[in-house]
Amino acid sequence: MRRIKRFFRTYRPFTRAGMQELVAYRANFICFFIGEILSAFIMYFVWKAVFLSSDSKTFMGFTMEDMVVYLFISFLTGYLTYSDGAFTVGEEIVDGSIAMRMIRPASFEMCFLFQELGSRIISITLIFVPMVAGVEIYRYITMGAFRLNLMCFGFYILSTMLAYMISFYFNVCYGFMAFFFKNLWGTSLIKEVLVSFLSGGTIPLAFLPTGLATVLNFLPFASLSYTPVMIYMGMYSVPEILWRMGLQVFWLFVMIGVSKLIWNSAMKHLSIQGG
């Protein structure tokens with residue numbers, strides 16, 4: 001118990017720093033959020049056009065109402081699980097400030113994690129409840145009944161927490177590549193596009209060819225967005241939910257292990273450009 005208290009006492013200031021940073025740059029936060037909302041609405045009109053042009057009320061097992069819920073819960077999940085660890089690590093390697101982090105008597109990735117958690121606390125407070133409420137009001141209006149399943153909602157929250165941890169360590173692993181490549185700006189754009197597609201953020205994985213969808217469902221990217229969203233929508237049975245979340249736990253440990261390996265290797269290739 002004493003060790004746990006010492007752990008949280010050590011990293012609590014980083015959480016406060018993350019909250020203060022988000023508040024200090026609130027214009028950036030608001031603009032980013034508005035941009036993402038507009039992107040979600042653009043996708044809504046695209047899929048509305050797809051369904052209007054179809055003779056069937058369903059497309060690959062999805063109704064238009066299902067698609068709307070998928071789009072906005074996918075947006076919400078992607079926003080809550082987003083991690084900019086790769087950008088932060090890469091910038092600190094370039095300007096040399098990473099040297100200060102390395103000499104601190106604290107875990108390198110834990111400092112980033114607790115700093116991001118500070119900003120996530122504010123994001124959840126400002127965005128999560130209104131977004132979920134809006135989706136459920138939409139479902140009530142279009143379907144005539146409340147469709148929120150409390151059990152699925154509970155599993156969704158747990159799955160989203162696991163998704164965030166996977167996203168964090170994945171981006172930390174990617175950020176460590178700056179030790180070798182020195183600059184990640186160009187490849188970051190490619191990474192974001194690929195992750196969005198492979199995680200089901202662009203289109204549901206169920207819309208892809210069966211073989212490809214099966215493979216992608218086993219990769220860690222599906223755990224970032226597709227798994228939590230499908231759980232929220234009640235598309236999985238309880239045994240399948242447990243299997244999917246077990247897969248998330250597996251990939252989380254894999255990402256943690258890979259981050260340790262890259263970190264140990266990176267220490268042998270450290271060459272700071274700015275310091």
# chains A, B, ... in the order shown; residues from 1 in each chain; ligands from 1
call {"tool": "residues_around", "arguments": {"residues": "region 250-258 of chain A", "least_positions_apart": "4", "cutoff": "8 Å", "atoms": "only C-alpha atoms", "output": "list in words"}}
result
Leu162, Met165, Ile166, Tyr169, Phe170, Cys173, Pro220, Gly246 and Ile262 of chain A
call {"tool": "select_by_dssp", "arguments": {"residues": "region 38-229 of chain A", "states": "helix (DSSP H, G or I)", "output": "PyMOL selection string"}}
result
chain A and resi 38-52+64-81+85-95+98-103+108-143+150-176+178-181+185-198+205-207+210-218+220-223+226-229
call {"tool": "closest_atom_pairs", "arguments": {"of": "region 144-203 of chain A", "to": "region 122-138 of chain A", "cutoff": "12 Å", "atoms": "only C-alpha atoms", "output": "Markdown table"}}
result
| residue | atom | partner | partner_atom | distance |
| --- | --- | --- | --- | --- |
| A:Gly144 | CA | A:Tyr138 | CA | 9.6 |
| A:Ala145 | CA | A:Ile137 | CA | 9.4 |
| A:Phe146 | CA | A:Glu136 | CA | 6.9 |
| A:Arg147 | CA | A:Glu136 | CA | 7.1 |
| A:Leu148 | CA | A:Glu136 | CA | 6.8 |
| A:Asn149 | CA | A:Glu136 | CA | 10.6 |
| A:Phe153 | CA | A:Val132 | CA | 10.2 |
| A:Tyr156 | CA | A:Val132 | CA | 11.8 |
| A:Ile157 | CA | A:Phe128 | CA | 10.8 |
| A:Thr160 | CA | A:Phe128 | CA | 11.8 |
| A:Met161 | CA | A:Ile124 | CA | 11.8 |
call {"tool": "write_last_selection", "arguments": {"atoms": "C-alpha atoms", "output": "PDB file, in the first residue's frame"}}
result
ATOM      1  CA  GLY A 144     -39.045   4.786 -30.318  1.00  0.00           C
ATOM      2  CA  ALA A 145     -37.293   3.298 -27.281  1.00  0.00           C
ATOM      3  CA  PHE A 146     -34.144   3.667 -25.241  1.00  0.00           C
ATOM      4  CA  ARG A 147     -31.592   1.214 -26.604  1.00  0.00           C
ATOM      5  CA  LEU A 148     -28.731   1.754 -24.141  1.00  0.00           C
ATOM      6  CA  ASN A 149     -27.726  -1.596 -22.639  1.00  0.00           C
ATOM      7  CA  PHE A 153     -22.088   0.240 -21.757  1.00  0.00           C
ATOM      8  CA  TYR A 156     -17.607  -0.419 -23.499  1.00  0.00           C
ATOM      9  CA  ILE A 157     -16.015   1.767 -20.829  1.00  0.00           C
ATOM     10  CA  THR A 160     -12.185   1.930 -24.169  1.00  0.00           C
ATOM     11  CA  MET A 161      -9.765   2.125 -21.234  1.00  0.00           C
TER      12      MET A 161
END
call {"tool": "closest_residue", "arguments": {"among": "A:Asn264, A:Ser74, A:Thr81, A:Thr142", "to": "Gly200 (chain A)", "atoms": "only C-alpha atoms"}}
result
A:Ser74
call {"tool": "residues_around", "arguments": {"residues": "Leu80 (chain A)", "least_positions_apart": "3", "cutoff": "7 Å", "atoms": "only C-alpha atoms", "output": "JSON, numbers by chain"}}
result
{"A": [76, 77, 120]}
call {"tool": "closest_residue", "arguments": {"among": "A:Leu158, A:Leu117, A:Ile203, A:Val249", "to": "Trp47 (chain A)", "atoms": "only C-alpha atoms"}}
result
A:Ile203
call {"tool": "residues_around", "arguments": {"residues": "Ala213 (chain A)", "least_positions_apart": "2", "cutoff": "12 Å", "atoms": "only C-alpha atoms", "output": "list in words"}}
result
Phe197, Leu198, Ser199, Gly200, Ile203, Pro204, Leu205, Ala206, Phe207, Leu208, Pro209, Thr210, Gly211, Val215, Leu216, Asn217, Phe218, Leu219, Phe221, Ala222 and Tyr226 of chain A
call {"tool": "select_by_dssp", "arguments": {"residues": "region 50-170 of chain A", "states": "strand (DSSP E or B)", "output": "PyMOL selection string"}}
result
chain A and resi 58-59+62-63
